[in-house]
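Q: Sending over a structure as C-alpha cells; questions will come in a sec.
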Amino acid sequence: MKRHLISAADLTRDDALLILDTADELARVSERSIKKLPTLRGRTVVNLFYEDSTRTRISFEAAAKRLSADVINFSAKGSSVSKGESLKDTALTLQAMGADAVVIRHGASGAPHRLATWVDGSVVNAGDGTHEHPTQALLDAFTMRSRLGALDGRRITIVGDVLHSRVARSNVLLLHTLGAEVTLVAPPTLLPVTVQSWPCEVSYDLDAVLPKADAVMMLRVQKERMNDAYFPSAREYSRRYGLDRDRLARMSEDAIVMHPGPMNRGMEIAAEVADSPRSTIVEQVANGVTIRMAVLYLLLGGETQ
Amino acid sequence: MILIKNARVLGGDPVDLLVRDGVIAEVGTGLTAAGSTAIDAAGLIALPGLVDLHTHLREPGREDAETVESGTRSAALGGFTAVHAMANTSPVADTAGVVEQVWRLGQEAGHCDVRPVGAVTIGLAGERLAELGAMADSAAGVRVFSDDGKCVSDAVLMRRALEYVKAFDGVIAQHAQEPRLTEDAQMNEGSVSGRLGLTGWPAVAEEAIIARDCLLAAHVGSRLHVCHVSTAGSVEILRWAKSKGWNNITAEVTPHHLLLTDDLVETSPLGSYNPIYKVNPPLRTRDDVLALRDALADGTIDCVATDHAPHPVEDKEAEWAAAAMGMIGLETALSVVQEAMVDTGLLDWAGVADRMSARPARIGRLTGHGRPLAAGSAANITLYDPAPRTAVDPHGFASKSRNTPYEGMSLPGRVVATLLRGRPTVMEGKLV
Amino acid sequence: MSDAPRAVLDGPDINRALTRIAHEIIERTKGAEGVVLLGIPTRGATLARRLGDRIAQFEGLKVPVGYLDITMYRDDLRLRPARPLGRTELPPDGIDDKTVVLVDDVLFSGRTVRAALDALGDVGRPRAVQLATLVDRGHRELPIRADYVGKNLPTAKSEQVKVHLTEIDGRDAVLLFKPGPKQRPGAAEGSEG
C-alpha cells in the first residue's frame, strides 16, 4: 500500500481486498466486550477537520482509539485556522507535534495532496471538496460485500448529485477496481460533462436501471442546487430520481439500498425506504469505524519509512 | 558606440551591427569602428527588442510580489525592451494619475520601456467607463485599455468602449471570460477537472465572449485585441473573423498556453493539485495547445504576450482553491517560444521577431520598437543563443516572485544581451 | 540464500509428537474436561485442530478448538510492513473458566506467547492457561516455558526453524535453515517466536 490514502485510485485490487479482509477480522473486535487493541500505542493520529462533520470525525476518532492511538482533534473552528493560519503552517505545526497520521477533511479539492507534501506522516483523506472520500467508498464496499458476497460482476447503481459528490468519485474508482459494474444515474446537469471517460455506465433513467441493480446507492442532493438551476424543483427531482416505495418494489428481491448520509428524507429517499430491512444505512455507519481501523492499522501498524 | 560582430540577424547569415547614439548606424560585414565596444555575437541570433503586451508589474499595491523596478529587470533579462503594464494594480490604473505614476517609475528604472495599460472601467468593476481619454492624453500616452483579470462582460459597455477609443486610436484588450459560466471555476473543464473534482472552466466561456466581441468590433469598426487566447475553439472564431477581412481584430497567446496542458494539475512531478499551474485562463488540453501553435504560425494569433503574473510564495503555497492565479513568464518566454514554435519547425526566427516584437509594438502603437534591424532603426536589440539547454532555476530570476511552472524543466536558449536604444541593459546574460 | 534446509522432523515424527502431546494434555487435565484448544494462526491453528482430533479419538470427548490471532498484540509490529491479520475465532461457549491450551508451532523468544496472553486477557478470563508447542528451539527472551513440547531442538540463534504441515504446505516436516549471508534472524515467513 502507498503511504497515504488520498484517492481510491491509490489502491490496487490487492490493497483494497487486504483492507476489506482486515476489516472482516476487526469487525469481530467490535463485537466483544473489550473493544480496544494495543496495536497503535504511542502513535499519534490528528483529526484535522476544516468542515463540520461530526459523524466522520467521531468515526475516525473511535477507530484510532480502539487501536490505542493518541488522538488529537484539530477543528477549524476556534483554532488558529479560523484566524487565517494557512494550511501549510497548520501542517508544519502537526509535523512538529509528531503526527504519525493526519486525517483531513477540507472543503477544497486536493487539500490532502498539498498536506502530504508538507508532513512526513500518513495522510488520510476524510473528504476533500468535491473530489474524493476513499474511506466512505471502502466502508460502502465492505457493506456491500457482507450483504452480497464478492463484488466481481455485481451491478451497483449510484444515483444523484454525482457532479458535486466525493462519495461518487471514490466509489466509482474503488468499485471498478473490485470488479463491479457501476451505473451512474443523475439528471445531466449533475454529471460532469466528461463523465463518459469514467470507468462506468451512465443513465438518465432510474426506472430502466433499477431492476438490474444489486445495490442502489442514493447520494445526498442539496435542495439549494435548484437555485443554481441544476433541476427545477425538489418535487421534480424526487419524482424522477428519488427512491420511493414503488421503485423499491421494482428492485430485485436481494438488492440493497445504501446512502452515505446525511439523508434528505423525502427528497432523494423516502422515509419508508430508508428504514426498510433492505436499507444498509445504519450498517454503513457501524462499518465506518471498522474500515477506518483497518486503514489506520495498515498505514500505521507496521514499519513506516 | 557598440559594434556587434557576427550576429545572425533573424537567424540569417552573420553580419555586424554598428550602434551609435541609440540608433543602428550601419549593418554589414567586416565593419570596424575606432573607439567602439565590441560584442562578439558569433552564433547568436539578433532580434529586435521584444515587446510584451501583457505584463503584471503589480506596482502600485502589491510591491511584495513585484515592482516596476524588479519587473522591468526581469523583462530585460528575458530580452524585452518594452512591456505593457496591466491595469489591475491597487489602486487600479484607471486614472491619468496612476498611469503616469507607473510610466514615470518605468522611466526611472530604465531597464525597459514601460507602457501602462489603462483600465476600461472604473475599478475594473465593469460598470462605468474610466476616463480613457485622459489616460490617452497623459504623459503615459495610453493606447491599450484592458480590465484584464476581469472581463468587460456587459455587451453595451464593451460596445461603447470599443467605439470611444477610436478617437485616439486606442484598442480594447479583452480578457474573454463569461463570468456566469466561470463562477468558482478552477481549471479547464474536461476529464481532468471531472476526476479531480475541481469546478470546470469551460472553453465556451472564452469562446462566446470572443465571438461576441469580434462581431461588435466589426460592427462599430473598432480595434479589438483578444488577450491570452487559450482554446482551439477561440482560434476557429478568430480565423473566421479574420477571413471576413476584419483586420482590426488582433489576438495574443501566452508562452505557457503554447507548452503546458491541464493534465499537469493531476500528474505533474511537482505534485497533484500544485497551484503553480493555476492560471487564468486555465491550461487547456493538448489539442488546444496544437491549435494555438498553428494559429500563431499562420498569423491567426498575432503575437505572444507573457501574462507575467507574479505572486508571493504564500499565495501559491496553499490548497488549490485558495491559491492565486497566474505564473511569471518574462524570463522564460523566448525559451518557451523556441521550444514550442522554433524547434518544432512552426516558426523561424523572423517569425519570432514578428510575433514577439513587430506585431505587439504595432498593436500597442509603440513607436521605436519592433522595427527591422536596419540602419536608422532605434537600437533595441536582443541577442539570443539558441544552443544551450538548461534546467530552469528560478532562484536566478530578477523577478521578485518564483511562481514559474518551468522549475527544473529543461528549456533551450539563453538571452545573452539586451540593448535599449543602444544602451546595454543585459550583457553576458546578466543585468548591467 | 542459505544452504538447503535440513529436515529435523519428518511426517511420522510429527505424528508421534502430537500423539504424545494429546496424551499428556488428557493426563494433565484429568481427561481434558473443560479444556479449550486455541491455536495461534497460521500453523498453530492447524496443530490445534489435529490435537483436538486426537483427543476425541483417545478420549471420545470433543474438545472445543478455536483460533487466537495475536498480530495486533505483537511487540515487533514496527519492524516490518503491516501484516495481514489471521483469524480469531473462539468456541461458541467461550473461554471463561476453561483451561485454555495455547498451541503454536515453534517456541523461540517467547514473545508470541506473551502477545497471546495479552490477547487472551481481552477476550475472556480462563481458569488456567497452558502452552503446547511442536518445537521448542530455546533462546527465550521472556520468562515463559511450554507445558507440552513435541521436540526440544537445540539451535543456534541465527538459524531458522520452519514447520511445514500438509494442510498448508503439502507435507509434514520441521526444517532447520542455516543462516544466509544477509538474512536477519526471524525474517522468514512463519510464526517463529
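If you're wondering about the labels, chains in the C-alpha cells are A, B, ... by order shown, residues count from 1 in each chain, ligands from 1 in order shown.
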Using DSSP on the backbone coordinates, identify all residues within chain C classified as strand (DSSP E); present the result as a PyMOL selection string.
A: chain C and resi 6-9+35-39+65-67+99-107+128-136+148-152+160-164+173-177
Q: Using the selection just defined, write its residues with N, CA and C atoms as a CSV table (one decimal), in the first residue's frame.
A:
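See selection21.csv below for the written result:
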chain,number,residue,atom,x,y,z
C,6,ARG,N,17.7,-28.5,6.5
C,6,ARG,CA,17.8,-29.9,6.9
C,6,ARG,C,16.5,-30.3,7.6
C,7,ALA,N,15.9,-31.4,7.2
C,7,ALA,CA,14.7,-31.8,7.9
C,7,ALA,C,15.0,-32.5,9.2
C,8,VAL,N,14.6,-31.8,10.3
C,8,VAL,CA,14.9,-32.4,11.6
C,8,VAL,C,13.8,-33.2,12.2
C,9,LEU,N,12.6,-33.0,11.7
C,9,LEU,CA,11.5,-34.0,12.0
C,9,LEU,C,10.8,-34.3,10.7
C,35,VAL,N,-11.3,-28.3,28.8
C,35,VAL,CA,-10.1,-27.8,28.0
C,35,VAL,C,-10.6,-27.2,26.7
C,36,VAL,N,-10.0,-26.0,26.4
C,36,VAL,CA,-10.2,-25.4,25.1
C,36,VAL,C,-8.9,-25.3,24.4
C,37,LEU,N,-8.8,-25.8,23.2
C,37,LEU,CA,-7.5,-25.6,22.4
C,37,LEU,C,-7.6,-24.4,21.6
C,38,LEU,N,-6.6,-23.5,21.8
C,38,LEU,CA,-6.6,-22.2,21.0
C,38,LEU,C,-5.3,-22.2,20.2
C,39,GLY,N,-5.4,-22.4,18.9
C,39,GLY,CA,-4.3,-22.3,18.0
C,39,GLY,C,-3.9,-20.9,17.6
C,65,VAL,N,-12.2,-26.3,19.8
C,65,VAL,CA,-11.0,-25.7,19.2
C,65,VAL,C,-11.3,-24.3,18.7
C,66,GLY,N,-10.4,-23.4,19.0
C,66,GLY,CA,-10.5,-22.1,18.4
C,66,GLY,C,-9.2,-21.5,17.9
C,67,TYR,N,-9.2,-20.3,17.5
C,67,TYR,CA,-8.0,-19.7,16.9
C,67,TYR,C,-7.9,-18.3,17.6
C,99,THR,N,-9.8,-24.3,30.8
C,99,THR,CA,-8.4,-24.5,30.8
C,99,THR,C,-8.0,-24.3,29.3
C,100,VAL,N,-7.4,-23.2,29.0
C,100,VAL,CA,-7.0,-22.9,27.6
C,100,VAL,C,-5.6,-23.4,27.4
C,101,VAL,N,-5.5,-24.2,26.4
C,101,VAL,CA,-4.2,-24.7,25.9
C,101,VAL,C,-3.9,-23.9,24.6
C,102,LEU,N,-2.9,-23.0,24.7
C,102,LEU,CA,-2.4,-22.3,23.5
C,102,LEU,C,-1.6,-23.3,22.7
C,103,VAL,N,-1.8,-23.3,21.4
C,103,VAL,CA,-1.0,-24.2,20.6
C,103,VAL,C,-0.2,-23.3,19.5
C,104,ASP,N,1.1,-23.5,19.5
C,104,ASP,CA,1.9,-22.9,18.5
C,104,ASP,C,2.9,-23.9,17.9
C,105,ASP,N,3.4,-23.5,16.7
C,105,ASP,CA,4.3,-24.5,16.1
C,105,ASP,C,5.7,-24.4,16.7
C,106,VAL,N,6.3,-23.2,16.9
C,106,VAL,CA,7.7,-23.1,17.3
C,106,VAL,C,7.7,-22.2,18.5
C,107,LEU,N,8.3,-22.6,19.6
C,107,LEU,CA,8.6,-21.7,20.7
C,107,LEU,C,10.0,-21.2,20.6
C,128,ALA,N,-7.2,-21.4,33.7
C,128,ALA,CA,-5.8,-21.6,33.6
C,128,ALA,C,-5.4,-21.6,32.1
C,129,VAL,N,-4.1,-21.2,31.9
C,129,VAL,CA,-3.6,-21.2,30.5
C,129,VAL,C,-2.4,-22.1,30.5
C,130,GLN,N,-2.4,-23.0,29.5
C,130,GLN,CA,-1.2,-23.8,29.3
C,130,GLN,C,-0.7,-23.6,27.9
C,131,LEU,N,0.5,-24.1,27.6
C,131,LEU,CA,1.1,-23.9,26.3
C,131,LEU,C,1.6,-25.2,25.8
C,132,ALA,N,1.2,-25.4,24.5
C,132,ALA,CA,1.7,-26.6,23.8
C,132,ALA,C,2.5,-26.1,22.5
C,133,THR,N,3.6,-26.7,22.3
C,133,THR,CA,4.4,-26.3,21.1
C,133,THR,C,5.0,-27.5,20.4
C,134,LEU,N,5.0,-27.6,19.1
C,134,LEU,CA,5.6,-28.7,18.4
C,134,LEU,C,7.1,-28.7,18.6
C,135,VAL,N,7.7,-27.6,18.5
C,135,VAL,CA,9.2,-27.5,18.6
C,135,VAL,C,9.5,-26.4,19.6
C,136,ASP,N,10.4,-26.7,20.6
C,136,ASP,CA,11.0,-25.7,21.4
C,136,ASP,C,12.5,-25.6,21.0
C,148,TYR,N,3.7,-28.5,27.2
C,148,TYR,CA,3.8,-29.6,26.3
C,148,TYR,C,4.7,-29.3,25.2
C,149,VAL,N,5.7,-30.1,25.0
C,149,VAL,CA,6.7,-29.9,23.9
C,149,VAL,C,6.8,-31.2,23.1
C,150,GLY,N,6.7,-31.0,21.7
C,150,GLY,CA,6.8,-32.1,20.8
C,150,GLY,C,8.3,-32.5,20.7
C,151,LYS,N,9.1,-31.6,20.6
C,151,LYS,CA,10.6,-31.9,20.4
C,151,LYS,C,11.4,-30.7,20.9
C,152,ASN,N,12.4,-30.9,21.7
C,152,ASN,CA,13.3,-29.9,22.1
C,152,ASN,C,14.4,-29.9,21.0
C,160,GLN,N,17.2,-20.7,11.5
C,160,GLN,CA,15.7,-20.6,11.4
C,160,GLN,C,15.1,-22.0,11.4
C,161,VAL,N,13.9,-22.0,12.1
C,161,VAL,CA,13.2,-23.2,12.1
C,161,VAL,C,11.8,-23.0,11.5
C,162,LYS,N,11.5,-23.8,10.5
C,162,LYS,CA,10.2,-23.7,9.9
C,162,LYS,C,9.4,-25.0,10.0
C,163,VAL,N,8.1,-24.9,10.3
C,163,VAL,CA,7.3,-26.1,10.4
C,163,VAL,C,6.4,-26.1,9.1
C,164,HIS,N,6.4,-27.2,8.4
C,164,HIS,CA,5.5,-27.4,7.3
C,164,HIS,C,4.5,-28.4,7.7
C,173,ALA,N,6.8,-31.6,7.9
C,173,ALA,CA,8.3,-31.6,8.2
C,173,ALA,C,8.6,-30.4,9.1
C,174,VAL,N,9.7,-30.5,9.8
C,174,VAL,CA,10.3,-29.4,10.5
C,174,VAL,C,11.6,-29.2,9.9
C,175,LEU,N,11.9,-28.0,9.4
C,175,LEU,CA,13.1,-27.7,8.7
C,175,LEU,C,14.0,-26.8,9.4
C,176,LEU,N,15.3,-27.0,9.4
C,176,LEU,CA,16.3,-26.1,10.0
C,176,LEU,C,17.1,-25.5,8.9
C,177,PHE,N,17.1,-24.1,8.9
C,177,PHE,CA,17.8,-23.4,7.9
C,177,PHE,C,19.1,-22.8,8.6
Q: Compute the chain C side of the contact with chain A at 8 Å, counting only C-alpha atoms, and hand it back as a list of chain:residue names.
A: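 The answer, sorted by residue number, is C:Met72, C:Tyr73, C:Arg74, C:Leu77, C:Arg78, C:Leu79, C:Arg80, C:Pro81, C:Ala82, C:Arg83, C:Pro84, C:Leu85, C:Gly86, C:Arg87, C:Thr88, C:Asp122, C:Val123.
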Q: Output the selection as a JSON list (two decimals), in the first residue's frame - N, CA and C atoms for each residue.
A:
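Here's the written file part_39.json:
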[["chain", "number", "residue", "atom", "x", "y", "z"],
["C", 72, "MET", "N", -2.20, -8.16, 16.32],
["C", 72, "MET", "CA", -2.38, -6.81, 16.83],
["C", 72, "MET", "C", -1.73, -6.61, 18.20],
["C", 73, "TYR", "N", -1.24, -7.69, 18.80],
["C", 73, "TYR", "CA", -0.63, -7.61, 20.12],
["C", 73, "TYR", "C", 0.89, -7.77, 20.07],
["C", 74, "ARG", "N", 1.42, -7.93, 18.89],
["C", 74, "ARG", "CA", 2.86, -8.16, 18.77],
["C", 74, "ARG", "C", 3.64, -6.93, 19.23],
["C", 77, "LEU", "N", 5.72, -5.06, 15.71],
["C", 77, "LEU", "CA", 4.98, -4.65, 14.52],
["C", 77, "LEU", "C", 5.77, -3.66, 13.67],
["C", 78, "ARG", "N", 6.50, -2.79, 14.35],
["C", 78, "ARG", "CA", 7.14, -1.72, 13.60],
["C", 78, "ARG", "C", 8.40, -2.17, 12.86],
["C", 79, "LEU", "N", 8.75, -3.44, 13.03],
["C", 79, "LEU", "CA", 9.95, -3.91, 12.34],
["C", 79, "LEU", "C", 9.67, -4.35, 10.91],
["C", 80, "ARG", "N", 8.40, -4.47, 10.56],
["C", 80, "ARG", "CA", 8.05, -4.92, 9.22],
["C", 80, "ARG", "C", 6.83, -4.15, 8.74],
["C", 81, "PRO", "N", 6.57, -4.16, 7.44],
["C", 81, "PRO", "CA", 5.32, -3.55, 6.96],
["C", 81, "PRO", "C", 4.12, -4.21, 7.64],
["C", 82, "ALA", "N", 3.02, -3.48, 7.73],
["C", 82, "ALA", "CA", 1.83, -4.00, 8.40],
["C", 82, "ALA", "C", 1.46, -5.37, 7.84],
["C", 83, "ARG", "N", 1.16, -6.30, 8.76],
["C", 83, "ARG", "CA", 0.90, -7.67, 8.33],
["C", 83, "ARG", "C", -0.61, -7.91, 8.20],
["C", 84, "PRO", "N", -0.97, -8.80, 7.30],
["C", 84, "PRO", "CA", -2.39, -9.20, 7.24],
["C", 84, "PRO", "C", -2.76, -9.89, 8.54],
["C", 85, "LEU", "N", -4.00, -9.75, 8.93],
["C", 85, "LEU", "CA", -4.43, -10.36, 10.18],
["C", 85, "LEU", "C", -4.81, -11.81, 9.96],
["C", 86, "GLY", "N", -4.56, -12.64, 11.00],
["C", 86, "GLY", "CA", -5.07, -14.00, 10.99],
["C", 86, "GLY", "C", -6.45, -14.02, 11.60],
["C", 87, "ARG", "N", -7.02, -15.21, 11.65],
["C", 87, "ARG", "CA", -8.39, -15.33, 12.13],
["C", 87, "ARG", "C", -8.43, -15.54, 13.65],
["C", 88, "THR", "N", -9.30, -14.82, 14.31],
["C", 88, "THR", "CA", -9.59, -15.12, 15.71],
["C", 88, "THR", "C", -11.00, -15.69, 15.76],
["C", 122, "ASP", "N", -8.00, -10.01, 26.70],
["C", 122, "ASP", "CA", -9.02, -9.13, 26.13],
["C", 122, "ASP", "C", -10.25, -9.87, 25.64],
["C", 123, "VAL", "N", -10.17, -11.22, 25.55],
["C", 123, "VAL", "CA", -11.34, -11.93, 25.03],
["C", 123, "VAL", "C", -12.01, -12.80, 26.09]]
Q: What's the 8 Å shell around stretch 388-405 of chain B, counting only C-alpha atoms, without same-chain residues fewer than 5 positions away, as a PyMOL selection string?
A: chain B and resi 64-67+70-71+73-74+77+276-277+310-313+316+326-329+331+410-414
Q: Kindly save the residues from that selection, with N, CA and C atoms included, as a CSV table (one decimal), in the first residue's frame.
A:
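This went into again.csv:
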chain,number,residue,atom,x,y,z
B,64,ASP,N,5.1,43.5,-2.8
B,64,ASP,CA,5.7,42.3,-2.3
B,64,ASP,C,5.8,41.2,-3.4
B,65,ALA,N,5.0,41.4,-4.4
B,65,ALA,CA,5.1,40.4,-5.5
B,65,ALA,C,6.0,40.8,-6.6
B,66,GLU,N,5.9,42.1,-6.9
B,66,GLU,CA,6.8,42.7,-8.0
B,66,GLU,C,6.7,44.2,-7.9
B,67,THR,N,7.8,44.8,-8.4
B,67,THR,CA,7.7,46.3,-8.5
B,67,THR,C,8.1,46.6,-10.0
B,70,SER,N,11.8,45.7,-10.3
B,70,SER,CA,12.1,44.3,-10.4
B,70,SER,C,11.5,43.7,-11.6
B,71,GLY,N,10.3,44.1,-12.0
B,71,GLY,CA,9.6,43.5,-13.1
B,71,GLY,C,10.3,43.9,-14.4
B,73,ARG,N,13.5,44.7,-14.7
B,73,ARG,CA,14.8,43.9,-14.7
B,73,ARG,C,14.5,42.5,-15.3
B,74,SER,N,13.5,41.9,-14.8
B,74,SER,CA,13.1,40.6,-15.3
B,74,SER,C,12.8,40.6,-16.8
B,77,LEU,N,16.1,40.9,-18.7
B,77,LEU,CA,16.8,39.5,-18.8
B,77,LEU,C,16.1,38.6,-19.7
B,276,ILE,N,0.9,25.9,-8.8
B,276,ILE,CA,1.8,26.6,-9.7
B,276,ILE,C,1.2,26.6,-11.1
B,277,TYR,N,0.3,25.6,-11.3
B,277,TYR,CA,-0.4,25.5,-12.6
B,277,TYR,C,-1.7,26.2,-12.7
B,310,PRO,N,3.2,37.8,-11.3
B,310,PRO,CA,4.0,37.4,-10.1
B,310,PRO,C,3.0,37.3,-8.9
B,311,HIS,N,3.3,36.3,-8.0
B,311,HIS,CA,2.6,36.2,-6.8
B,311,HIS,C,3.6,35.7,-5.7
B,312,PRO,N,3.5,36.3,-4.5
B,312,PRO,CA,4.4,35.8,-3.4
B,312,PRO,C,4.2,34.4,-3.1
B,313,VAL,N,5.2,33.8,-2.5
B,313,VAL,CA,5.2,32.3,-2.2
B,313,VAL,C,3.9,31.9,-1.5
B,316,LYS,N,0.8,31.0,-3.3
B,316,LYS,CA,0.7,29.8,-4.1
B,316,LYS,C,0.9,28.6,-3.2
B,326,GLY,N,-2.1,32.6,-11.8
B,326,GLY,CA,-1.1,33.3,-12.6
B,326,GLY,C,0.3,32.7,-12.5
B,327,MET,N,1.1,32.9,-13.5
B,327,MET,CA,2.5,32.5,-13.4
B,327,MET,C,3.4,33.5,-14.0
B,328,ILE,N,4.7,33.6,-13.6
B,328,ILE,CA,5.6,34.5,-14.1
B,328,ILE,C,6.1,34.0,-15.5
B,329,GLY,N,6.6,34.8,-16.3
B,329,GLY,CA,7.0,34.3,-17.6
B,329,GLY,C,8.0,35.2,-18.4
B,331,GLU,N,11.1,35.9,-18.1
B,331,GLU,CA,12.5,35.4,-18.2
B,331,GLU,C,12.6,34.0,-18.9
B,410,SER,N,13.8,21.3,-18.5
B,410,SER,CA,14.9,21.6,-19.4
B,410,SER,C,14.3,22.4,-20.6
B,411,LEU,N,14.8,23.7,-20.8
B,411,LEU,CA,14.4,24.5,-21.9
B,411,LEU,C,15.6,25.0,-22.7
B,412,PRO,N,15.4,25.3,-24.0
B,412,PRO,CA,16.5,25.7,-24.8
B,412,PRO,C,16.7,27.2,-24.7
B,413,GLY,N,18.0,27.6,-25.0
B,413,GLY,CA,18.3,29.0,-25.3
B,413,GLY,C,18.5,29.9,-24.1
B,414,ARG,N,19.2,31.1,-24.4
B,414,ARG,CA,19.6,32.0,-23.3
B,414,ARG,C,19.7,33.4,-23.9
Q: I need the residue nearest C:Ala45 from this list: C:Leu68, C:Leu18, C:Ala4, C:Leu142. Use only C-alpha atoms for the distance.
A: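 Among the listed residues, the smallest separation from C:Ala45 belongs to C:Leu68.
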Q: Determine, using only C-alpha atoms, which residues of chain B have any atom at most 9 Å from an atom of chain A, and tabulate each with its shortest atom pair and distance in Å to one decimal place, rows ordered by chain and then rising number, as a Markdown table.
A:
| residue | atom | partner | partner_atom | distance |
| --- | --- | --- | --- | --- |
| B:Glu189 | CA | A:Val193 | CA | 8.0 |
| B:Gly190 | CA | A:Thr194 | CA | 5.8 |
| B:Ser191 | CA | A:Thr194 | CA | 5.1 |
| B:Val192 | CA | A:Thr194 | CA | 8.7 |
| B:Ser193 | CA | A:Pro192 | CA | 8.6 |
| B:Gly194 | CA | A:Pro192 | CA | 5.6 |
| B:Arg195 | CA | A:His131 | CA | 7.2 |
| B:Leu196 | CA | A:His131 | CA | 5.4 |
| B:Gly197 | CA | A:His131 | CA | 4.1 |
| B:Leu198 | CA | A:Ser109 | CA | 6.4 |
| B:Thr199 | CA | A:Thr130 | CA | 8.5 |
| B:Gly200 | CA | A:Pro192 | CA | 8.8 |
| B:Gly271 | CA | A:His113 | CA | 7.5 |
| B:Ser272 | CA | A:His113 | CA | 6.3 |
| B:Tyr273 | CA | A:Gly110 | CA | 5.6 |
| B:Asn274 | CA | A:Arg114 | CA | 7.2 |
| B:Glu314 | CA | A:Ser86 | CA | 8.5 |
| B:Glu317 | CA | A:Lys88 | CA | 7.0 |
| B:Ala318 | CA | A:Leu87 | CA | 6.4 |
| B:Glu319 | CA | A:Ala111 | CA | 5.0 |
| B:Trp320 | CA | A:Gly110 | CA | 6.7 |
| B:Ala321 | CA | A:Ala108 | CA | 5.9 |
| B:Ala322 | CA | A:Ala108 | CA | 7.9 |
Q: Those same residues, written as a JSON list (two decimals), in the first residue's frame with N, CA and C atoms?
A:
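And here's again-v6.json as it stands now:
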[["chain", "number", "residue", "atom", "x", "y", "z"],
["B", 189, "GLU", "N", -12.40, 22.85, -17.94],
["B", 189, "GLU", "CA", -13.43, 21.81, -17.78],
["B", 189, "GLU", "C", -13.16, 20.69, -18.77],
["B", 190, "GLY", "N", -12.86, 19.53, -18.23],
["B", 190, "GLY", "CA", -12.55, 18.38, -19.08],
["B", 190, "GLY", "C", -12.44, 17.16, -18.20],
["B", 191, "SER", "N", -11.84, 16.13, -18.75],
["B", 191, "SER", "CA", -11.80, 14.89, -17.98],
["B", 191, "SER", "C", -10.96, 15.05, -16.72],
["B", 192, "VAL", "N", -9.93, 15.90, -16.77],
["B", 192, "VAL", "CA", -9.11, 16.07, -15.57],
["B", 192, "VAL", "C", -9.90, 16.77, -14.46],
["B", 193, "SER", "N", -10.59, 17.85, -14.81],
["B", 193, "SER", "CA", -11.38, 18.55, -13.78],
["B", 193, "SER", "C", -12.46, 17.64, -13.23],
["B", 194, "GLY", "N", -13.03, 16.80, -14.08],
["B", 194, "GLY", "CA", -14.06, 15.88, -13.62],
["B", 194, "GLY", "C", -13.52, 14.90, -12.60],
["B", 195, "ARG", "N", -12.33, 14.39, -12.87],
["B", 195, "ARG", "CA", -11.72, 13.45, -11.93],
["B", 195, "ARG", "C", -11.29, 14.13, -10.64],
["B", 196, "LEU", "N", -10.71, 15.32, -10.79],
["B", 196, "LEU", "CA", -10.15, 15.99, -9.62],
["B", 196, "LEU", "C", -11.20, 16.69, -8.78],
["B", 197, "GLY", "N", -12.43, 16.77, -9.28],
["B", 197, "GLY", "CA", -13.46, 17.45, -8.51],
["B", 197, "GLY", "C", -13.19, 18.94, -8.39],
["B", 198, "LEU", "N", -12.61, 19.53, -9.43],
["B", 198, "LEU", "CA", -12.41, 20.97, -9.45],
["B", 198, "LEU", "C", -13.41, 21.57, -10.43],
["B", 199, "THR", "N", -14.03, 22.67, -10.01],
["B", 199, "THR", "CA", -15.07, 23.25, -10.84],
["B", 199, "THR", "C", -14.51, 23.63, -12.21],
["B", 200, "GLY", "N", -15.19, 23.20, -13.23],
["B", 200, "GLY", "CA", -14.69, 23.34, -14.59],
["B", 200, "GLY", "C", -14.83, 24.76, -15.15],
["B", 271, "GLY", "N", 3.70, 17.44, -8.14],
["B", 271, "GLY", "CA", 2.61, 17.09, -7.24],
["B", 271, "GLY", "C", 1.25, 17.40, -7.82],
["B", 272, "SER", "N", 0.26, 16.58, -7.44],
["B", 272, "SER", "CA", -1.11, 16.83, -7.87],
["B", 272, "SER", "C", -1.63, 18.08, -7.19],
["B", 273, "TYR", "N", -2.49, 18.79, -7.88],
["B", 273, "TYR", "CA", -3.13, 20.00, -7.35],
["B", 273, "TYR", "C", -2.10, 21.07, -6.98],
["B", 274, "ASN", "N", -0.97, 21.06, -7.62],
["B", 274, "ASN", "CA", 0.02, 22.10, -7.32],
["B", 274, "ASN", "C", -0.43, 23.41, -7.98],
["B", 314, "GLU", "N", 3.49, 32.71, -0.47],
["B", 314, "GLU", "CA", 2.37, 32.30, 0.37],
["B", 314, "GLU", "C", 1.05, 32.26, -0.41],
["B", 317, "GLU", "N", 1.47, 28.70, -2.06],
["B", 317, "GLU", "CA", 1.61, 27.55, -1.16],
["B", 317, "GLU", "C", 0.33, 27.37, -0.37],
["B", 318, "ALA", "N", -0.69, 26.97, -1.06],
["B", 318, "ALA", "CA", -2.00, 26.84, -0.43],
["B", 318, "ALA", "C", -2.75, 25.74, -1.14],
["B", 319, "GLU", "N", -3.93, 25.43, -0.63],
["B", 319, "GLU", "CA", -4.77, 24.50, -1.34],
["B", 319, "GLU", "C", -5.21, 25.16, -2.65],
["B", 320, "TRP", "N", -5.54, 24.34, -3.65],
["B", 320, "TRP", "CA", -5.76, 24.85, -5.00],
["B", 320, "TRP", "C", -6.77, 25.99, -5.01],
["B", 321, "ALA", "N", -7.91, 25.80, -4.39],
["B", 321, "ALA", "CA", -8.99, 26.78, -4.49],
["B", 321, "ALA", "C", -8.58, 28.11, -3.87],
["B", 322, "ALA", "N", -7.70, 28.08, -2.86],
["B", 322, "ALA", "CA", -7.33, 29.30, -2.17],
["B", 322, "ALA", "C", -6.15, 30.00, -2.83]]
Q: Grab the atom CA of C:Lys30 to atom CA of C:Phe108 distance for me, in Å with one decimal place.
A: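 Atom-to-atom, atom CA of C:Lys30 to atom CA of C:Phe108, that is 28.4 Å.
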Q: Run DSSP on the backbone and tell me which residues of stretch 58-192 of chain C come out as alpha helix (DSSP H); list them as a list in words.
A: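 Result set for stretch 58-192 of chain C (alpha helix (DSSP H)): Phe58, Glu59, Arg111, Thr112, Val113, Arg114, Ala115, Ala116, Leu117, Asp118, Ala119, Leu120, Gly121, Asp122, Val123, Thr166, Glu167, Ile168 and Asp169 of chain C.
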Q: Give me, as a PyMOL selection string, all polymer residues having an atom no more than 12 Å from stretch 156-159 of chain B, counting only C-alpha atoms and skipping those fewer than 5 positions away in the same chain.
A: chain B and resi 120-122+125-130+145-147+151+164-166+171-176+209-210+212-224
Q: Fewer than 3 positions away in the same chain doesn't count, so skip those; otherwise give me all residues within 9 Å of stretch 54-61 of chain C, counting only C-alpha atoms, as a list in words.
A: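 Surrounding residues, per the criterion: Leu18, Thr19, Ala22, His23, Ile25, Ile26, Gly31, Ala32, Glu33, Arg49, Arg50 and Leu51 of chain C.
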Q: I'd like to know which of B:Asp262, B:Glu206, B:Asp307, B:Asp52 is closest to B:Ala358, using only C-alpha atoms.
A: B:Asp52
